[in-house]
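Structure first, then comments.
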Amino acid sequence: MAKSSSTFVCNACGNTTSKWSGRCEACGAWNTITEEAPLTSGPAKKTLGGSRGRATPLTDLSSSEAPPPRTSSGLSELDRVLGGGLVPSSAILVGGDPGIGKSTLLLQAAALFARAGLGVIYASGEEASAQVRMRAQRLGLADAPVKLAAETNLRDILTTLEQERPALAIIDSIQTMWADNVESAPGSVSQVRAAAHELTNFAKRRGMAVIMVGHVTKDGQIAGPRVIEHMVDTVLYFEGERGHQFRILRAVKNRFGPADEIGVFEMTGGGLSEVTNPSALFLSERGQPSPGSVVFSGIEGTRPVLCEFQALVAPTPHSQPRRTVVGWDGGRLAMILAVLEARCGIPFAGLDVYLNVAGGMKISEPAADLAVAAALLSAREDVALPPETVVFGEISLSGALRPVSQTELRLKEAQKLGFSSAIAPAGGKTGESGGMTLNQMGDLTAFVGDVFGA
Ligand code: TYD
Ligand code: MG
């Protein structure tokens, strides 16, 4: 038999090739390709697998085989992101920057689920059991019936899980796990993939839920764990700015609940505490209405969240003006600048543009287009928007304003927080605006004329 040769794997996207190169052909990343042993070794089994692969009609699944109900942690922000609690036998990946608070969150979750009656094992490959215990003490969770395992060998962990049969296993982190049947180093794509595959399979077979932690690399990709996103049921990202105490847990994929749902937490000396009214939090630092500041009424998952866009527009000393965005998409900003120039005759050439979402929030909804345009214009014209006004609406390339979903929910949330008027696209079903003054506009030119008198 020919000796099996190595393969080359991109650590960013998981693409495999037969030869090394400096740049990944699939994702274009530089210096991410490493050599790894092939995933499978040994001859394939020739015998057929008996009756194990038997198919059963959908209608045959009796109600006794229906999965037990979800378990609630009691931490409502966490339960919400999970789609209403922890689903038995589910596999969950929690990604995030190192130091953002993943271990803290999961240790708290472990304790809460244990107190809710689940058997929980917390396997840490990064910290010794004593360290985890110390952290639990600091969080006031030392009395929770959680079992700790400081292990990195996958085989040992699986043996422990087989003996203990917990309802939930937490693996912190998947990059420290090491499967001895794979030759490459821990943290490599093959190791991460093999470990995640075994853990997920084991969990499904044994009716155990598994939560795996995955560190994200500097460029925002989950190295290795990116390639296991498709294996798991739920992918959560833990986001936040180092300087801020707010943390956002976002469901980017969820087979058991709405994707894009967020849970908001605050990092305190005693661990993460939940923020049940994120709108109030994101607007808490807002002072007097000032030019460039616009409040956007957005929807994150199933719930409305208000946040503030801040823009600064200033003459540039450079030949190439700067476009800097934090918390929103840079491409989308370029599009809005182009629409403002082409459809409304408002140029931004020769001007630096800075756009920021306050509070470390990340917005991806197109409904924020109009709020961004309003912030840019307000900064450029040095005119503050009327106070107590929220803005939302999608902008098309023609400059028309498109209605957005959930208008009523957006208005209700704004009113709850003391806003009295909203600028929104014409057309959409508005129904009862319940005390809010609604300024509906058909296109961007009308908006510019109405609000800025240009
Ligand atoms: P950690 O959970 O270790 O991060 P990760 O597992 O994502 O790498 O969090 C580490 C940070 O959290 C550290 O900078 C200290 C801070 N922290 C608090 O502010 N309060 C606390 O109660 C705890 C446990 C950590
Ligand atoms: Mg950690």
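Residue numbering restarts at 1 in every chain; chains get A, B, ... in the order shown in the structure tokens, and ligands count up from 1 in that same order.
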Report task. Report as a PyMOL selection string which protein, DNA and RNA residues come within 7 Å of ligand 2, using only C-alpha atoms and all ligand atoms. Result -> chain A and resi 98-99+101-103+126+172
Can I get the selected residues back with C-alpha atoms, as a PDB file, in the first residue's frame?
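And here is the file that came out, result.pdb:
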```pdb
ATOM      1  CA  PRO A  98      -9.077  35.137  24.456  1.00  0.00           C
ATOM      2  CA  GLY A  99      -9.826  36.904  27.752  1.00  0.00           C
ATOM      3  CA  GLY A 101     -14.919  35.932  29.513  1.00  0.00           C
ATOM      4  CA  LYS A 102     -15.839  32.570  27.957  1.00  0.00           C
ATOM      5  CA  SER A 103     -14.540  30.511  30.880  1.00  0.00           C
ATOM      6  CA  GLU A 126      -6.328  25.458  30.175  1.00  0.00           C
ATOM      7  CA  ASP A 172     -12.722  24.477  27.732  1.00  0.00           C
TER       8      ASP A 172
END
```
Could the residues of chain A that have an atom at most 9 Å from ligand 1 be listed as JSON lines, each with its closest atom pair and the distance in Å to one decimal, counting only C-alpha atoms and all ligand atoms and ordered by chain and ascending residue number?
```
{"residue": "A:Gly95", "atom": "CA", "partner": "ligand 1", "partner_atom_place_in_ligand_line": "7 (O)", "distance": 8.4}
{"residue": "A:Gly96", "atom": "CA", "partner": "ligand 1", "partner_atom_place_in_ligand_line": "7 (O)", "distance": 6.4}
{"residue": "A:Asp97", "atom": "CA", "partner": "ligand 1", "partner_atom_place_in_ligand_line": "7 (O)", "distance": 6.1}
{"residue": "A:Pro98", "atom": "CA", "partner": "ligand 1", "partner_atom_place_in_ligand_line": "8 (O)", "distance": 3.9}
{"residue": "A:Gly99", "atom": "CA", "partner": "ligand 1", "partner_atom_place_in_ligand_line": "8 (O)", "distance": 3.3}
{"residue": "A:Ile100", "atom": "CA", "partner": "ligand 1", "partner_atom_place_in_ligand_line": "7 (O)", "distance": 4.1}
{"residue": "A:Gly101", "atom": "CA", "partner": "ligand 1", "partner_atom_place_in_ligand_line": "2 (O)", "distance": 3.2}
{"residue": "A:Lys102", "atom": "CA", "partner": "ligand 1", "partner_atom_place_in_ligand_line": "7 (O)", "distance": 3.6}
{"residue": "A:Ser103", "atom": "CA", "partner": "ligand 1", "partner_atom_place_in_ligand_line": "2 (O)", "distance": 3.6}
{"residue": "A:Thr104", "atom": "CA", "partner": "ligand 1", "partner_atom_place_in_ligand_line": "2 (O)", "distance": 3.7}
{"residue": "A:Leu105", "atom": "CA", "partner": "ligand 1", "partner_atom_place_in_ligand_line": "2 (O)", "distance": 6.4}
{"residue": "A:Leu106", "atom": "CA", "partner": "ligand 1", "partner_atom_place_in_ligand_line": "2 (O)", "distance": 8.0}
{"residue": "A:Leu107", "atom": "CA", "partner": "ligand 1", "partner_atom_place_in_ligand_line": "2 (O)", "distance": 8.3}
{"residue": "A:Glu126", "atom": "CA", "partner": "ligand 1", "partner_atom_place_in_ligand_line": "6 (O)", "distance": 8.9}
{"residue": "A:Arg135", "atom": "CA", "partner": "ligand 1", "partner_atom_place_in_ligand_line": "24 (C)", "distance": 5.8}
{"residue": "A:Ala136", "atom": "CA", "partner": "ligand 1", "partner_atom_place_in_ligand_line": "24 (C)", "distance": 7.9}
{"residue": "A:Arg138", "atom": "CA", "partner": "ligand 1", "partner_atom_place_in_ligand_line": "22 (O)", "distance": 6.6}
{"residue": "A:Leu139", "atom": "CA", "partner": "ligand 1", "partner_atom_place_in_ligand_line": "22 (O)", "distance": 5.9}
{"residue": "A:Asp172", "atom": "CA", "partner": "ligand 1", "partner_atom_place_in_ligand_line": "6 (O)", "distance": 7.9}
{"residue": "A:Ser173", "atom": "CA", "partner": "ligand 1", "partner_atom_place_in_ligand_line": "6 (O)", "distance": 8.4}
{"residue": "A:Val213", "atom": "CA", "partner": "ligand 1", "partner_atom_place_in_ligand_line": "6 (O)", "distance": 8.2}
{"residue": "A:Gly214", "atom": "CA", "partner": "ligand 1", "partner_atom_place_in_ligand_line": "7 (O)", "distance": 8.9}
{"residue": "A:His215", "atom": "CA", "partner": "ligand 1", "partner_atom_place_in_ligand_line": "7 (O)", "distance": 7.5}
{"residue": "A:Phe238", "atom": "CA", "partner": "ligand 1", "partner_atom_place_in_ligand_line": "7 (O)", "distance": 8.1}
{"residue": "A:Arg242", "atom": "CA", "partner": "ligand 1", "partner_atom_place_in_ligand_line": "14 (O)", "distance": 8.3}
{"residue": "A:Gln245", "atom": "CA", "partner": "ligand 1", "partner_atom_place_in_ligand_line": "19 (O)", "distance": 8.0}
{"residue": "A:Met267", "atom": "CA", "partner": "ligand 1", "partner_atom_place_in_ligand_line": "19 (O)", "distance": 5.4}
{"residue": "A:Thr268", "atom": "CA", "partner": "ligand 1", "partner_atom_place_in_ligand_line": "20 (N)", "distance": 5.1}
{"residue": "A:Gly269", "atom": "CA", "partner": "ligand 1", "partner_atom_place_in_ligand_line": "20 (N)", "distance": 4.2}
{"residue": "A:Gly270", "atom": "CA", "partner": "ligand 1", "partner_atom_place_in_ligand_line": "22 (O)", "distance": 4.1}
{"residue": "A:Gly271", "atom": "CA", "partner": "ligand 1", "partner_atom_place_in_ligand_line": "22 (O)", "distance": 3.3}
{"residue": "A:Leu272", "atom": "CA", "partner": "ligand 1", "partner_atom_place_in_ligand_line": "22 (O)", "distance": 6.8}
```
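Using only C-alpha atoms, the smallest distance between any of A:Leu168, A:Leu376, A:Met335, A:Ala196 and A:Val210 comes from A:Leu168.
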Requested in this report: Find, counting only C-alpha atoms, the residue in A:Ser297, A:Ser398, A:Ser18, A:Thr324 that gets nearest to A:Glu36.
Outcome: A:Ser18
Report task. Name the residues of stretch 220-268 of chain A that fall into helix (DSSP H, G or I) according to DSSP on the backbone, using the chain letters and numbers of this document, as a ChimeraX atom specification. Result -> /A:225-228
Requested in this report: May I have the residues within 10 Å of A:Arg402 as a list in words, using only C-alpha atoms and disregarding those fewer than 6 positions away in the same chain?
Outcome: Pro366, Ala367, Asp369, Leu370, Phe392, Gly393, Glu394, Ile395, Ser396, Ala424, Pro425, Ala426, Gly427, Gly428, Met441, Gly442 and Asp443 of chain A
Dump N, CA and C atoms for the selected residues as a JSON list (two decimals), in the first residue's frame?
```
[["chain", "number", "residue", "atom", "x", "y", "z"],
["A", 366, "PRO", "N", -29.69, 45.86, 7.87],
["A", 366, "PRO", "CA", -29.76, 46.93, 6.86],
["A", 366, "PRO", "C", -30.70, 48.05, 7.30],
["A", 367, "ALA", "N", -31.60, 47.75, 8.25],
["A", 367, "ALA", "CA", -32.53, 48.77, 8.74],
["A", 367, "ALA", "C", -31.81, 49.94, 9.37],
["A", 369, "ASP", "N", -29.45, 51.58, 7.95],
["A", 369, "ASP", "CA", -28.97, 52.48, 6.88],
["A", 369, "ASP", "C", -29.35, 53.93, 7.12],
["A", 370, "LEU", "N", -30.64, 54.16, 7.39],
["A", 370, "LEU", "CA", -31.12, 55.53, 7.50],
["A", 370, "LEU", "C", -30.55, 56.22, 8.74],
["A", 392, "PHE", "N", -35.00, 54.66, 11.72],
["A", 392, "PHE", "CA", -34.70, 53.35, 11.11],
["A", 392, "PHE", "C", -35.24, 53.29, 9.70],
["A", 393, "GLY", "N", -34.63, 52.49, 8.85],
["A", 393, "GLY", "CA", -35.07, 52.33, 7.47],
["A", 393, "GLY", "C", -33.92, 51.85, 6.61],
["A", 394, "GLU", "N", -34.24, 51.06, 5.59],
["A", 394, "GLU", "CA", -33.20, 50.57, 4.70],
["A", 394, "GLU", "C", -33.12, 51.49, 3.49],
["A", 395, "ILE", "N", -31.91, 51.74, 2.99],
["A", 395, "ILE", "CA", -31.73, 52.62, 1.83],
["A", 395, "ILE", "C", -31.36, 51.77, 0.62],
["A", 396, "SER", "N", -32.05, 51.98, -0.50],
["A", 396, "SER", "CA", -31.67, 51.23, -1.70],
["A", 396, "SER", "C", -30.73, 52.09, -2.52],
["A", 424, "ALA", "N", -39.08, 57.12, 9.74],
["A", 424, "ALA", "CA", -39.15, 55.76, 9.21],
["A", 424, "ALA", "C", -39.55, 55.81, 7.74],
["A", 425, "PRO", "N", -39.33, 54.72, 7.00],
["A", 425, "PRO", "CA", -39.72, 54.71, 5.60],
["A", 425, "PRO", "C", -41.23, 54.75, 5.43],
["A", 426, "ALA", "N", -41.71, 55.31, 4.35],
["A", 426, "ALA", "CA", -43.13, 55.29, 4.05],
["A", 426, "ALA", "C", -43.50, 53.88, 3.62],
["A", 427, "GLY", "N", -44.78, 53.57, 3.71],
["A", 427, "GLY", "CA", -45.23, 52.30, 3.13],
["A", 427, "GLY", "C", -45.47, 51.23, 4.14],
["A", 428, "GLY", "N", -44.46, 50.82, 4.87],
["A", 428, "GLY", "CA", -44.58, 49.66, 5.75],
["A", 428, "GLY", "C", -45.82, 49.70, 6.61],
["A", 441, "MET", "N", -41.06, 58.79, 5.31],
["A", 441, "MET", "CA", -40.48, 59.40, 4.11],
["A", 441, "MET", "C", -40.24, 58.35, 3.04],
["A", 442, "GLY", "N", -40.43, 58.77, 1.78],
["A", 442, "GLY", "CA", -40.33, 57.84, 0.67],
["A", 442, "GLY", "C", -38.91, 57.64, 0.18],
["A", 443, "ASP", "N", -38.13, 58.72, 0.20],
["A", 443, "ASP", "CA", -36.75, 58.56, -0.24],
["A", 443, "ASP", "C", -35.79, 59.47, 0.52]]
```
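Each of A:Asp352, A:Glu300, A:Glu413, A:Glu308 was compared to A:Gln320 using only C-alpha atoms, and A:Asp352 turns out to be the nearest.
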Report task. Write out as an NGL selection string each polymer residue whose atoms come within 10 Å of A:Arg205, counting only C-alpha atoms; drop sequence neighbours fewer than 5 positions from it. Result -> :A and (89 or 199-200)
How would the residues just picked look written out with N, CA and C atoms as a CSV table (one decimal), in the first residue's frame?
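Wrote it out as selection17.csv, contents follow:
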```csv
chain,number,residue,atom,x,y,z
A,89,SER,N,-28.8,16.6,24.5
A,89,SER,CA,-28.0,16.0,23.4
A,89,SER,C,-27.6,17.0,22.4
A,199,LEU,N,-16.4,14.2,20.2
A,199,LEU,CA,-17.2,14.6,21.3
A,199,LEU,C,-18.7,14.8,20.9
A,200,THR,N,-18.9,15.3,19.7
A,200,THR,CA,-20.3,15.5,19.3
A,200,THR,C,-21.0,14.2,19.1
```
